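Here the structure is laid out as structure tokens; the discussion comes afterwards.
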Amino acid sequence: MQISTNFKDIVPNPQKPSGGYEWWYFDGISTDKEWAFVIIFYQGNPFSPDYIQNIDKNNAKPEDFPAVSISVYHKSKIEFYSFVEFKKSDFKWEGSKLTIGNNSFTQLINGNSISYNISINEELASTHSIQADLNLKSQVIESLNLNSNNTEDNVHTWNLIQPHSIATGNFNIVGKSGTHSVELTANAYHDHNTGLEPMKNDFDDWYWGRFHFGEYTLIYYIMNKMNNQQHQAWLLDNDTLLVDEFSSAELSLYGFNAFGLKSARKIELTSNKAEITIQTSKIVDNGPFYQRFFGEAILTLDDKLLTSNGISEYIKPNNIYSKKFWPLVKMRLRFNSKKPHWVQKSKNLYEWTW
């Protein structure tokens with residue numbers, strides 16, 4: 001894993017081979033804890049059955065499989081969900097703006113300030129819809145050395161452009177519980193990931209997450225490689241200065257879901273001067289190869305005891321290649337160039353897949 005904080009490195013990598021992938025990830029939790037969002041733009045959708053089955057057969061190219069996934073949560077429950085795969089021609093990069101279909105983000109730099117303007121517009125066959133305009137603003141990270149414990153691994157790059165930002169904006173949603181018009185201010189996060197081979201070739205499973213403690217932000221990952229474990233965790237302050245780096249990571253309290261996916265529900269991080277315990281208590285996305293959690297974290301640092309709610313994730317990439325799960329994936333994943341799956345035409349049935 002290569003770790004970066006380079007805000008200039010946002011342009012799609014043209015060297016991604018067949019099986020490669022790239023995503024631009026944004027999330028936020030409102031300051032009143034009522035609302036949360038996760039928005040991801042993809043080139044080379046790693047969860048696409050069409051892409052996967054054509055990697056070996058037709059040497060499929062990542063640029064032929066762009067996608068956008070959108071999740072909005074209200075009181076820790078899913079309110080809106082869409083995952084749409086588009087045609088190659090629907091993906092456009094112009095200057096510092098990425099557009100996929102009717103969805104886009106633009107990076108803006110003004111002195112030592114960096115911001116992203118995100119525009120979302122999706123209408124689904126199930127009658128669900130979302131229109132959103134968001135702005136994520138933070139300081140530019142000038143220099144922050146987040147060491148990786150495997151610097152020779154160039155397969156996956158994780159660029160932490162905005163470990164912590166303030167998001168402001170609005171959502172207009174026709175969602176699971178009805179129509180909502182939401183103005184929000186949120187603690188937010190943005191990263192940019194690039195992989196130069198299929199995930200399953202690089203690692204067995206991967207935990208990662210972020211928690212905002214008011215004056216601090218925790219970023220962590222634990223990646224079980226094929227023959228060893230990598231883990232890194234950093235505590236940053238609001239000036240994006242490194243406060244602490246955690247040397248130990250312990251996983252425990254494993255649980256299974258209905259698909260047989262096994263993941264740890266407790267993560268303990270320790271350093272010479274701090275301890276963090278993370279409980280991934282609330283599962284909000286629970287599939288055969290991927291889980292998303294709203295969790296609680298307790299930070300002990302010097303004489304301080306701080307708590308936070310945040311987003312954690314877990315992925316088991318080999319399960320993506322299991323064809324027995326593909327019918328379920330195709331119920332959730334909308335292929336924009338094809339007719340909607342019959343489940344996606346029904347409000348109640350499509351919500352059941354969320």
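Chain labels A, B, ... are given in the sequence in which chains occur in the structure tokens; within each chain residues are numbered consecutively from 1, and ligands are likewise numbered from 1 in the order shown.
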Legend entry - range 246-260 of chain A surroundings by only C-alpha atoms, 6 Å radius, close-in-sequence under 4 positions cut, as a list in words: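 Counting only C-alpha atoms, the residues come to Ala233, Ala264, Arg265, Lys266, Ile267, Glu268, Leu269, Thr270, Ser271 and Pro288 of chain A.
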Inset, instruction - Within 9 Å of range 88-97 of chain A, counting only C-alpha atoms, which residues show up once you throw out same-chain ones fewer than 4 positions away? Write them as a PyMOL selection string, please. - result: chain A and resi 10-12+43+63-67+101-102+104-108
Residues from the last selection, all heavy atoms, saved as a compact mmCIF listing (two decimals), in the first residue's frame:
# COMPACT_ATOMS: atom_id res chain seq x y z
N ILE A 10 -5.16 13.77 -8.52
CA ILE A 10 -6.57 13.38 -8.61
C ILE A 10 -6.95 12.92 -10.01
O ILE A 10 -8.02 12.36 -10.21
CB ILE A 10 -7.51 14.53 -8.19
CG1 ILE A 10 -7.37 15.73 -9.12
CG2 ILE A 10 -7.28 14.91 -6.75
CD1 ILE A 10 -8.49 16.73 -8.98
N VAL A 11 -6.09 13.14 -10.99
CA VAL A 11 -6.41 12.80 -12.38
C VAL A 11 -6.43 11.29 -12.55
O VAL A 11 -5.59 10.58 -11.98
CB VAL A 11 -5.36 13.43 -13.34
CG1 VAL A 11 -5.65 13.06 -14.79
CG2 VAL A 11 -5.34 14.95 -13.16
N PRO A 12 -7.40 10.75 -13.32
CA PRO A 12 -7.44 9.30 -13.54
C PRO A 12 -6.13 8.76 -14.09
O PRO A 12 -5.53 9.37 -14.99
CB PRO A 12 -8.58 9.13 -14.56
CG PRO A 12 -9.44 10.33 -14.37
CD PRO A 12 -8.52 11.44 -13.98
N GLN A 43 -13.87 4.48 -11.73
CA GLN A 43 -13.48 4.10 -13.09
C GLN A 43 -12.87 2.71 -12.99
O GLN A 43 -11.81 2.52 -12.37
CB GLN A 43 -12.47 5.08 -13.70
CG GLN A 43 -12.21 4.78 -15.18
CD GLN A 43 -11.17 5.70 -15.79
OE1 GLN A 43 -10.07 5.86 -15.25
NE2 GLN A 43 -11.50 6.31 -16.92
N GLU A 63 -11.71 1.80 -18.04
CA GLU A 63 -12.46 2.96 -18.52
C GLU A 63 -13.81 2.59 -19.13
O GLU A 63 -14.66 3.47 -19.32
CB GLU A 63 -11.63 3.75 -19.54
CG GLU A 63 -11.11 2.95 -20.70
CD GLU A 63 -9.68 2.46 -20.50
OE1 GLU A 63 -9.32 2.13 -19.34
OE2 GLU A 63 -8.94 2.41 -21.50
N ASP A 64 -14.02 1.30 -19.42
CA ASP A 64 -15.31 0.87 -19.97
C ASP A 64 -16.36 0.64 -18.88
O ASP A 64 -17.52 0.36 -19.21
CB ASP A 64 -15.14 -0.43 -20.78
CG ASP A 64 -14.31 -0.22 -22.04
OD1 ASP A 64 -14.31 0.92 -22.55
OD2 ASP A 64 -13.67 -1.18 -22.50
N PHE A 65 -15.97 0.78 -17.60
CA PHE A 65 -16.89 0.46 -16.50
C PHE A 65 -16.89 1.56 -15.43
O PHE A 65 -16.53 1.31 -14.27
CB PHE A 65 -16.54 -0.90 -15.89
CG PHE A 65 -16.67 -2.04 -16.86
CD1 PHE A 65 -15.60 -2.42 -17.66
CD2 PHE A 65 -17.88 -2.71 -16.99
CE1 PHE A 65 -15.72 -3.45 -18.57
CE2 PHE A 65 -18.01 -3.76 -17.90
CZ PHE A 65 -16.94 -4.13 -18.70
N PRO A 66 -17.30 2.78 -15.78
CA PRO A 66 -17.45 3.81 -14.76
C PRO A 66 -18.74 3.60 -13.97
O PRO A 66 -19.69 2.97 -14.47
CB PRO A 66 -17.52 5.11 -15.57
CG PRO A 66 -18.10 4.70 -16.88
CD PRO A 66 -17.61 3.28 -17.13
N ALA A 67 -18.79 4.12 -12.76
CA ALA A 67 -19.98 3.93 -11.92
C ALA A 67 -20.02 5.00 -10.84
O ALA A 67 -19.00 5.64 -10.54
CB ALA A 67 -19.99 2.54 -11.29
N GLY A 101 -22.30 10.60 -15.96
CA GLY A 101 -23.74 10.79 -16.10
C GLY A 101 -24.13 12.19 -15.67
O GLY A 101 -23.54 13.19 -16.11
N ASN A 102 -25.11 12.28 -14.76
CA ASN A 102 -25.55 13.57 -14.22
C ASN A 102 -24.92 13.90 -12.88
O ASN A 102 -25.43 14.75 -12.14
CB ASN A 102 -27.08 13.57 -14.08
CG ASN A 102 -27.79 13.49 -15.40
OD1 ASN A 102 -27.36 14.10 -16.38
ND2 ASN A 102 -28.88 12.74 -15.45
N SER A 104 -21.25 14.81 -10.65
CA SER A 104 -19.92 15.37 -10.87
C SER A 104 -19.31 15.85 -9.56
O SER A 104 -20.00 16.06 -8.56
CB SER A 104 -19.99 16.55 -11.85
OG SER A 104 -20.69 17.64 -11.28
N PHE A 105 -17.98 16.02 -9.59
CA PHE A 105 -17.30 16.77 -8.54
C PHE A 105 -16.21 17.61 -9.20
O PHE A 105 -15.67 17.25 -10.24
CB PHE A 105 -16.73 15.88 -7.44
CG PHE A 105 -15.54 15.04 -7.84
CD1 PHE A 105 -14.26 15.61 -7.92
CD2 PHE A 105 -15.67 13.69 -8.10
CE1 PHE A 105 -13.16 14.83 -8.27
CE2 PHE A 105 -14.57 12.91 -8.45
CZ PHE A 105 -13.31 13.49 -8.54
N THR A 106 -15.91 18.73 -8.56
CA THR A 106 -14.88 19.65 -9.04
C THR A 106 -13.98 20.02 -7.88
O THR A 106 -14.45 20.41 -6.81
CB THR A 106 -15.49 20.94 -9.62
OG1 THR A 106 -16.43 20.60 -10.64
CG2 THR A 106 -14.41 21.84 -10.21
N GLN A 107 -12.68 19.89 -8.09
CA GLN A 107 -11.71 20.31 -7.07
C GLN A 107 -11.33 21.77 -7.31
O GLN A 107 -11.01 22.16 -8.44
CB GLN A 107 -10.45 19.44 -7.12
CG GLN A 107 -9.46 19.73 -5.99
CD GLN A 107 -8.09 19.16 -6.24
OE1 GLN A 107 -7.35 19.65 -7.08
NE2 GLN A 107 -7.74 18.11 -5.49
N LEU A 108 -11.34 22.57 -6.24
CA LEU A 108 -10.98 23.98 -6.31
C LEU A 108 -9.90 24.27 -5.29
O LEU A 108 -10.00 23.88 -4.13
CB LEU A 108 -12.21 24.86 -6.02
CG LEU A 108 -13.43 24.64 -6.93
CD1 LEU A 108 -14.64 25.39 -6.38
CD2 LEU A 108 -13.13 25.08 -8.35
Could the residues of range 76-120 of chain A that have an atom at most 12 Å from range 342-352 of chain A be listed as CSV, each with its closest atom pair and the distance in Å to one decimal, counting only C-alpha atoms and ordered by chain and ascending residue number?
residue,atom,partner,partner_atom,distance
A:Lys77,CA,A:Glu351,CA,11.9
A:Ile78,CA,A:Glu351,CA,9.2
A:Glu79,CA,A:Glu351,CA,9.2
A:Phe80,CA,A:Glu351,CA,8.6
A:Tyr81,CA,A:Glu351,CA,8.2
A:Ser82,CA,A:Tyr350,CA,9.9
A:Phe83,CA,A:Gln344,CA,11.1
A:Val84,CA,A:Gln344,CA,11.4
Legend entry - Selected residue of minimal separation from Pro46 in chain A among A:Tyr220, A:Trp158, A:Tyr21, A:Phe26, counting only C-alpha atoms: A:Tyr21
Inset, instruction - Using only C-alpha atoms, pick whichever of A:Asn59, A:Tyr25, A:Ser177, A:Thr5 has the shortest atom-to-atom distance to Val38 in chain A. - result: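 Of the candidates, the smallest distance to Val38 in chain A is held by A:Tyr25.
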Inset, instruction - List every residue of range 87-231 of chain A that DSSP, applied to the backbone of this structure, assigns to helix (DSSP H, G or I), and report them as a ChimeraX atom specification. - result: /A:88-90,199-202
Legend entry - Exercise: Glu183 in chain A partners within 8 Å, only C-alpha atoms, chain neighbours under 6 positions left out, as an MDAnalysis selection string: chainID A and resid 168:171
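CA of Pro340 in chain A to CA of Asp50 in chain A spans 14.9 Å [interatomic distance, one decimal].
By chain and then residue number, the residues within 12 Å of Lys225 in chain A are Met1, Asn150, Asp153, Met199, Lys200, Asn201, Asp202, Phe203, Asp204, Asp205, Trp206, Tyr207, Gln230, His231, Lys316 and Pro317 of chain A, counting only C-alpha atoms and disregarding those fewer than 5 positions away in sequence.
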Legend entry - Asn238 in chain A environment, 10 Å, only C-alpha atoms, sequence neighbours closer than 5 positions dropped, as number ranges by chain: A: 138-139, 163-165, 212-217
Legend entry - d(CA of Phe289 in chain A, CA of Asn13 in chain A) in Å: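 A separation of 25.6 Å between them.
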Legend entry - Per-residue DSSP, range 79-317 of chain A, filtered to strand (DSSP E or B), as a PyMOL selection string: chain A and resi 79-85+91-94+97-100+103-110+113-123+129-139+156-175+178-195+203-212+216-225+229-237+242-245+248-256+262-270+274-286+290-301+304-315
Spatial neighbours of Gly310 in chain A, max dist 12 Å, only C-alpha atoms, sep filter under 6 positions, as an mmCIF file with C-alpha atoms, in the first residue's frame:
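In the end it all went to around-v7.cif:
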data_model
loop_
_atom_site.group_PDB
_atom_site.id
_atom_site.type_symbol
_atom_site.label_atom_id
_atom_site.label_comp_id
_atom_site.auth_asym_id
_atom_site.auth_seq_id
_atom_site.Cartn_x
_atom_site.Cartn_y
_atom_site.Cartn_z
ATOM 1 C CA ASP A 27 -18.358 10.731 3.164
ATOM 2 C CA GLY A 28 -19.755 12.818 5.985
ATOM 3 C CA ILE A 29 -21.747 12.651 9.219
ATOM 4 C CA SER A 30 -23.853 15.682 10.102
ATOM 5 C CA THR A 31 -22.890 17.563 13.242
ATOM 6 C CA LYS A 33 -25.659 12.967 13.999
ATOM 7 C CA TRP A 35 -27.708 12.330 8.596
ATOM 8 C CA ALA A 36 -24.751 10.707 6.869
ATOM 9 C CA PHE A 37 -23.686 10.179 3.271
ATOM 10 C CA VAL A 38 -21.203 8.132 1.255
ATOM 11 C CA SER A 76 -28.175 5.264 11.277
ATOM 12 C CA HIS A 164 -11.098 16.013 7.769
ATOM 13 C CA ALA A 186 -21.095 17.647 8.423
ATOM 14 C CA ASN A 187 -17.674 16.400 9.422
ATOM 15 C CA ALA A 188 -16.457 14.919 6.155
ATOM 16 C CA TYR A 189 -13.657 12.936 4.556
ATOM 17 C CA TRP A 208 -10.495 0.778 7.113
ATOM 18 C CA GLY A 209 -12.237 3.737 8.700
ATOM 19 C CA ARG A 210 -12.178 7.272 10.098
ATOM 20 C CA PHE A 211 -13.440 8.934 13.259
ATOM 21 C CA HIS A 212 -13.576 12.654 14.037
ATOM 22 C CA PHE A 213 -13.022 13.498 17.741
ATOM 23 C CA GLY A 214 -13.595 17.232 17.537
ATOM 24 C CA THR A 217 -9.219 12.733 13.367
ATOM 25 C CA LEU A 218 -8.350 9.033 13.307
ATOM 26 C CA ILE A 219 -7.587 7.301 9.982
ATOM 27 C CA TYR A 220 -6.761 3.592 9.960
ATOM 28 C CA ILE A 278 -13.439 0.846 17.994
ATOM 29 C CA GLN A 279 -16.736 -1.026 18.187
ATOM 30 C CA THR A 280 -18.337 -1.580 14.754
ATOM 31 C CA SER A 281 -21.758 -1.960 16.311
ATOM 32 C CA LYS A 282 -24.266 -0.864 13.650
ATOM 33 C CA ARG A 292 -20.190 -0.774 6.160
ATOM 34 C CA PHE A 293 -20.565 0.074 9.849
ATOM 35 C CA PHE A 294 -21.467 3.051 11.978
ATOM 36 C CA GLY A 295 -19.250 2.552 14.971
ATOM 37 C CA GLU A 296 -18.150 4.116 18.236
ATOM 38 C CA ALA A 297 -14.561 4.878 19.169
ATOM 39 C CA ILE A 298 -13.017 5.719 22.547
#
